[in-house]
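See structure below.
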Amino acid sequence: MKVLMFGWEFPPFNSGGLGTACYGLTKGLSNKGVDIIFVLPKSVPVNADFLKIIFGDSIASAKKHYIFNSLLHPYITSASYNSRLSAKGSSIYGANLFEEVNRYSLIAEEIAKQENFDIIHSHDWLTFKSGIAAKKVSHKPLVVHVHATEFDRTGGNGINQYVYEIERHGMHEADLIIAVSNYTKNKIVEHYGVSPEKIRVVHNSVEFENYTLEQASKLKENNKIVLFLGRITLQKGPDYFIYAAKKVLEHYPNTIFVVAGSGDMEKQIIEKVAELGISDKVLFAGFLRGKDVHQAYQMADLYVMPSVSEPFGITPLESIINGTPVLISKQSGVSEVLSHCLKVDFWDILEMSNKIVSVLQYPELHTSLKENGKREIQRFSWDKSAERCLNVYNEALNFAGGI
Amino acid sequence: MVSVCFYFQVHQPFRVKKHSIFDIGKSSLDYFSDNSESNLNNEKIIKKVAQKCYLPTNSVLLELIKKYPNFKVSFSFSGVILEQFEKYCPEVLSSFQELVKTGNVEILSETYYHSLSFLYSKEEFREQINLHKQLIQKIFAQTPKVFRNTELIYNDELAKEIESLGFQGILAEGHDYILGWRSPNLIYKPQGTTNMKLLLKNYRLSDDIAFRFSERSWQEWPLTAEKYANWISAVNGSGNVVNLFMDYETFGEHQWAETGIFDFLRTLPEYIFKHPDNNFKTPSEVVESYPAVAELSIPFFVSWADIERDLSAWLSNSMQHSAINKLFSLRNKVLSTKNPELIAAWRKLQTSDHFYYMCTKWFADGDVHKYFNPYESPYDAFISYMNVLHDLELKINAINKEDIKKSLSLGLLDTKNSDN
């Protein structure tokens, strides 16, 4: 089986869950002997070695990849594209985000003409046009993988019509759609007019690893630590976290709330914290990578993911691996597959605070969540997700009349 | 001769309503009055189970007793379910009273609050047996002679304790791993007792009805009364009694009416009586009729719960242990308030179901614990429970402080001793 995959950068160069998911899935597929021609846009000078992370040293002979210069980026918006573009000042890029997406699809078309493959796999809307273009020239089946929809990103307010159209078009042109959760599947059915029969759910996963950093933070000496880690955007619900912090502090004053991440709501959140009079209790850690991420999880007593709409949500799994219990939004895909955690409606600040205080106050609750969570997480593996993905490929090929 | 001995457990807990950290110190004593649409609403649940199980099953049993004067059954009612019947559906209580009046129904003893008190406080245990006895006498004009502990939790020490309280018999689980080669169809004498009789649950035949009746993948499905009666008759020659112990909710609630469970029950006596050597006996009749064939020692705790048949359903994780230890640590304090409402609330929190809901064993596999859990997770159960317990403790402390103040002002207390 040979797959032409339009994907994204991998950790540690990624900026969120999409890169982590692409990496895990690609590695899992590779373990199953699937050949992958990997295409990705990249805005910094290319370090070709990074593909070896997944494909090993035999990459040159067995697997192929294309990396081309682009300003595209998984969580890009029109505005952020424009600021990147003016910073680059180069004429090879599209004049705006949508031209750049079109440029990507032209490159995809060229690659599709030159390569032999059985199936096309596109991750999220920025690559859907490329997938469609590749399908047009090759007549091979297209699988689009939905990691997030415009409705998750915007919370349903201020949908970008152009993005929505690309998503919808991709879903309708695809032979099969992979959704990262039933939650996302329902969103696709509800908002994009797609029949549920066309959608397969492949949950994301995580690889169990033992991370022990054991650099006890000074902060921990007199405080409990509650962590938010994610993009500071509407989708991730940082404002709900801050309101809950205010409520928790009234009851449990020796708590520090750490906000790790960056995003377009950062300024607003910092102002809100000041307005609520809790600036001394909320620390902004900025965008963390690699080891720092594990460090952040490990120093926390609880990780909170208050997302307004989370198609999957890999971070809670990472937190549990690092031995930190999680409180997650019920409006998330990960809540479908994770049992040993606390769950709350993102808007229910009172219940969120109740659960945060309970974990801080009752050590047995913390221990039980931690131990049972670690046990549960060992059942997750990207190989299982890759297996399901492979089944989807086979199904799509059968529809199309076989290899 | 084979005697069929039916014993039905009739119990529903007072489920604790959702209680937040922020409610501590602010809430009223009524921890059990959820009135939402959720499964924490005790009134809603008991009314539902009354319609599906208690009323229809009672009417089948009454019909059977009228038809077969030698058809007999036994029940054990927790005090907390009788309170709920009185409060929410008195018609269910009258229908049980009508059954008991026939004289074919024996009521067993148990702890009023369906508690794990035997493991934590013998005094509390005895007091609850006594409270239960008074309630049964008041409602049913009967005095229990045979004891059955919460969820069939049992060991040798319990048998000794129960003998010292004047009971003649006791019930326990009869799983293979407990009995080894011994048969549950014979009567034993618990080790360390002088005259006690031990009745053991025939778990295969009990579970055929309670768990497997509607299971289509079971090779014996569909189970007919005739086939089942033949299995019972086959015990002739190798045993005296077949103890069929199960939750009363088996009829109509765990096995829905559509499965044919009521028809099965309705026709079972007819087929049992077809064999002339068969009969029905209540536990105390069994105790009187059959000698103990041997002494049996069960030094460790067993129960009828889960595949493990041990205490792990209630006491296997740190949340459960911490909750129950905290609860029993309040005993002296709460009793010294002499406040009946506070004491009753504290005792309602002893019901074993609260700890069952906190069980994390197999939780991710969606097993029966999940099915029977009115909370979203064992963690949610723990949070509400602990918050309520803290609230109760504040109320207890407030009353005790008041008492100390009063006593001081009346010169009743030595100030040096009370000053700590």
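Following the order of the structure tokens, first chain is A, next is B, and so on, with residues numbered from 1 inside each chain and ligands from 1 in the order they appear.
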**Report entry** Interface list for chain A, partner chain B, 10 Å threshold, only C-alpha atoms, as a ChimeraX atom specification
**Finding:** /A:247-248,250-251,337-343,350-351,353-359,361-369,372-373,376
Query raised in the report: DSSP says alpha helix (DSSP H) for which residues of stretch 226-273 of chain A? Put them as a PyMOL selection string?
Result: chain A and resi 238-251+266-273
Could you save those same residues with N, CA and C atoms as a PDB file, in the first residue's frame?
ATOM      1  N   PRO A 238      -9.731  29.478  27.576  1.00  0.00           N
ATOM      2  CA  PRO A 238      -8.882  29.997  28.653  1.00  0.00           C
ATOM      3  C   PRO A 238      -9.648  30.905  29.620  1.00  0.00           C
ATOM      4  N   ASP A 239     -10.672  31.597  29.105  1.00  0.00           N
ATOM      5  CA  ASP A 239     -11.441  32.495  29.968  1.00  0.00           C
ATOM      6  C   ASP A 239     -12.190  31.723  31.053  1.00  0.00           C
ATOM      7  N   TYR A 240     -12.689  30.536  30.704  1.00  0.00           N
ATOM      8  CA  TYR A 240     -13.389  29.725  31.710  1.00  0.00           C
ATOM      9  C   TYR A 240     -12.408  29.281  32.797  1.00  0.00           C
ATOM     10  N   PHE A 241     -11.188  29.002  32.367  1.00  0.00           N
ATOM     11  CA  PHE A 241     -10.142  28.612  33.313  1.00  0.00           C
ATOM     12  C   PHE A 241      -9.885  29.731  34.322  1.00  0.00           C
ATOM     13  N   ILE A 242      -9.847  30.954  33.813  1.00  0.00           N
ATOM     14  CA  ILE A 242      -9.552  32.098  34.677  1.00  0.00           C
ATOM     15  C   ILE A 242     -10.696  32.368  35.658  1.00  0.00           C
ATOM     16  N   TYR A 243     -11.932  32.260  35.164  1.00  0.00           N
ATOM     17  CA  TYR A 243     -13.072  32.443  36.064  1.00  0.00           C
ATOM     18  C   TYR A 243     -13.087  31.357  37.148  1.00  0.00           C
ATOM     19  N   ALA A 244     -12.750  30.143  36.767  1.00  0.00           N
ATOM     20  CA  ALA A 244     -12.699  29.051  37.744  1.00  0.00           C
ATOM     21  C   ALA A 244     -11.589  29.323  38.762  1.00  0.00           C
ATOM     22  N   ALA A 245     -10.457  29.857  38.274  1.00  0.00           N
ATOM     23  CA  ALA A 245      -9.341  30.170  39.168  1.00  0.00           C
ATOM     24  C   ALA A 245      -9.799  31.127  40.261  1.00  0.00           C
ATOM     25  N   LYS A 246     -10.531  32.142  39.845  1.00  0.00           N
ATOM     26  CA  LYS A 246     -11.036  33.138  40.790  1.00  0.00           C
ATOM     27  C   LYS A 246     -11.861  32.452  41.887  1.00  0.00           C
ATOM     28  N   LYS A 247     -12.741  31.572  41.457  1.00  0.00           N
ATOM     29  CA  LYS A 247     -13.644  30.875  42.386  1.00  0.00           C
ATOM     30  C   LYS A 247     -12.842  29.934  43.316  1.00  0.00           C
ATOM     31  N   VAL A 248     -11.897  29.208  42.737  1.00  0.00           N
ATOM     32  CA  VAL A 248     -11.093  28.272  43.526  1.00  0.00           C
ATOM     33  C   VAL A 248     -10.310  29.020  44.597  1.00  0.00           C
ATOM     34  N   LEU A 249      -9.737  30.158  44.210  1.00  0.00           N
ATOM     35  CA  LEU A 249      -8.890  30.909  45.139  1.00  0.00           C
ATOM     36  C   LEU A 249      -9.645  31.399  46.368  1.00  0.00           C
ATOM     37  N   GLU A 250     -10.945  31.633  46.202  1.00  0.00           N
ATOM     38  CA  GLU A 250     -11.753  32.039  47.344  1.00  0.00           C
ATOM     39  C   GLU A 250     -11.778  30.925  48.383  1.00  0.00           C
ATOM     40  N   HIS A 251     -11.621  29.709  47.911  1.00  0.00           N
ATOM     41  CA  HIS A 251     -11.762  28.552  48.790  1.00  0.00           C
ATOM     42  C   HIS A 251     -10.426  27.920  49.145  1.00  0.00           C
ATOM     43  N   GLU A 266      -4.449  36.172  24.268  1.00  0.00           N
ATOM     44  CA  GLU A 266      -3.492  36.314  25.365  1.00  0.00           C
ATOM     45  C   GLU A 266      -3.659  37.637  26.137  1.00  0.00           C
ATOM     46  N   LYS A 267      -3.712  38.715  25.358  1.00  0.00           N
ATOM     47  CA  LYS A 267      -3.791  40.035  25.992  1.00  0.00           C
ATOM     48  C   LYS A 267      -5.083  40.157  26.805  1.00  0.00           C
ATOM     49  N   GLN A 268      -6.141  39.721  26.189  1.00  0.00           N
ATOM     50  CA  GLN A 268      -7.453  39.771  26.832  1.00  0.00           C
ATOM     51  C   GLN A 268      -7.450  38.985  28.153  1.00  0.00           C
ATOM     52  N   ILE A 269      -6.802  37.832  28.155  1.00  0.00           N
ATOM     53  CA  ILE A 269      -6.773  36.982  29.356  1.00  0.00           C
ATOM     54  C   ILE A 269      -5.923  37.634  30.455  1.00  0.00           C
ATOM     55  N   ILE A 270      -4.796  38.202  30.052  1.00  0.00           N
ATOM     56  CA  ILE A 270      -3.951  38.872  31.048  1.00  0.00           C
ATOM     57  C   ILE A 270      -4.718  40.036  31.695  1.00  0.00           C
ATOM     58  N   GLU A 271      -5.455  40.750  30.874  1.00  0.00           N
ATOM     59  CA  GLU A 271      -6.262  41.857  31.401  1.00  0.00           C
ATOM     60  C   GLU A 271      -7.360  41.361  32.331  1.00  0.00           C
ATOM     61  N   LYS A 272      -7.962  40.265  31.957  1.00  0.00           N
ATOM     62  CA  LYS A 272      -9.040  39.690  32.770  1.00  0.00           C
ATOM     63  C   LYS A 272      -8.509  39.274  34.144  1.00  0.00           C
ATOM     64  N   VAL A 273      -7.320  38.685  34.135  1.00  0.00           N
ATOM     65  CA  VAL A 273      -6.693  38.243  35.380  1.00  0.00           C
ATOM     66  C   VAL A 273      -6.469  39.444  36.308  1.00  0.00           C
TER      67      VAL A 273
END
Report task. Extract, using only C-alpha atoms, all DNA, RNA and protein residues at most 9 Å from B:Tyr113, discarding same-chain residues fewer than 5 positions from it, and format them as a PyMOL selection string. Result -> chain B and resi 13+78-81+128+132+150+347-352
Query - Test item: residues at most 10 Å from A:Tyr303, only C-alpha atoms, excluding those fewer than 6 positions along its chain, as a VMD selection string - result: chain A and resid 225 to 229 257 to 258 296 to 297 315 to 316 319 to 320 324 to 328 356
Suppose we keep N, CA and C atoms; can you now write the selection as a compact mmCIF listing (two decimals), in the first residue's frame?
# COMPACT_ATOMS: atom_id res chain seq x y z
N ILE A 225 -0.60 23.48 42.28
CA ILE A 225 -0.51 24.09 40.95
C ILE A 225 -1.56 23.49 40.01
N VAL A 226 -2.29 24.39 39.36
CA VAL A 226 -3.29 23.97 38.39
C VAL A 226 -2.88 24.52 37.03
N LEU A 227 -2.87 23.66 36.03
CA LEU A 227 -2.28 24.02 34.74
C LEU A 227 -3.31 24.11 33.61
N PHE A 228 -3.13 25.16 32.80
CA PHE A 228 -3.79 25.24 31.48
C PHE A 228 -2.67 25.20 30.46
N LEU A 229 -2.79 24.33 29.46
CA LEU A 229 -1.73 24.27 28.45
C LEU A 229 -2.39 24.10 27.09
N PHE A 257 -2.12 29.21 39.44
CA PHE A 257 -2.66 28.79 38.15
C PHE A 257 -1.65 29.14 37.06
N VAL A 258 -1.21 28.13 36.33
CA VAL A 258 -0.22 28.36 35.29
C VAL A 258 -0.91 28.28 33.93
N ALA A 296 6.07 21.09 32.78
CA ALA A 296 4.85 21.80 33.18
C ALA A 296 3.81 20.81 33.71
N TYR A 297 3.62 19.71 32.97
CA TYR A 297 2.64 18.71 33.44
C TYR A 297 3.05 18.18 34.81
N THR A 315 -3.66 16.55 24.65
CA THR A 315 -2.93 17.00 25.85
C THR A 315 -3.33 16.29 27.15
N PRO A 316 -4.61 15.98 27.37
CA PRO A 316 -4.92 15.26 28.62
C PRO A 316 -4.20 13.91 28.71
N SER A 319 -0.73 14.59 29.75
CA SER A 319 -0.67 14.95 31.16
C SER A 319 -0.70 13.69 32.03
N ILE A 320 -1.57 12.77 31.69
CA ILE A 320 -1.70 11.54 32.48
C ILE A 320 -0.40 10.74 32.42
N THR A 324 -0.05 13.39 35.98
CA THR A 324 -0.91 14.45 36.48
C THR A 324 -2.36 14.22 36.06
N PRO A 325 -3.26 14.14 37.03
CA PRO A 325 -4.68 13.91 36.72
C PRO A 325 -5.26 15.04 35.89
N VAL A 326 -6.36 14.77 35.22
CA VAL A 326 -6.93 15.78 34.33
C VAL A 326 -8.41 16.02 34.59
N LEU A 327 -8.80 17.26 34.36
CA LEU A 327 -10.20 17.66 34.36
C LEU A 327 -10.48 18.16 32.95
N ILE A 328 -11.36 17.47 32.23
CA ILE A 328 -11.55 17.82 30.82
C ILE A 328 -12.98 18.24 30.52
N ILE A 356 -11.87 21.13 40.79
CA ILE A 356 -10.47 21.52 41.01
C ILE A 356 -10.17 21.47 42.51
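Here the question is which of A:Lys135, A:Ile256, A:Pro141, A:Ala95 gets nearest to A:Glu221 using only C-alpha atoms, and that residue is A:Ile256.
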Query - stretch 100-251 of chain A: residues DSSP assigns to strand (DSSP E or B), reported as an MDAnalysis selection string - result: chainID A and resid 119:123 142:146 176:179 199:201 224:229
Query raised in the report: Which residues come within 7 Å of stretch 101-107 of chain B, counting only C-alpha atoms, excluding same-chain residues fewer than 4 positions away, as an MDAnalysis selection string?
Result: chainID B and resid 71:76 97 144 282
Query - atom CA of A:Asn223 to atom CA of A:Tyr252, straight-line distance in Å - result: 9.7 Å
Report summary line: Min atom-atom distance to A:Leu317 from the set A:Asn186, A:Asn116, A:Ser205, A:Asn254, counting only C-alpha atoms, belongs to A:Ser205
Requested in this report: Extract, using only C-alpha atoms, all DNA, RNA and protein residues at most 10 Å from B:Glu308, discarding same-chain residues fewer than 6 positions from it, and format them as a list in words.
Outcome: His175, Tyr177 and Val302 of chain B
Save the residues we just selected, C-alpha atoms, as a PDB file, in the first residue's frame?
ATOM      1  CA  HIS B 175     -19.172 -20.007  45.408  1.00  0.00           C
ATOM      2  CA  TYR B 177     -13.718 -20.893  45.461  1.00  0.00           C
ATOM      3  CA  VAL B 302     -16.560 -13.239  51.339  1.00  0.00           C
TER       4      VAL B 302
END
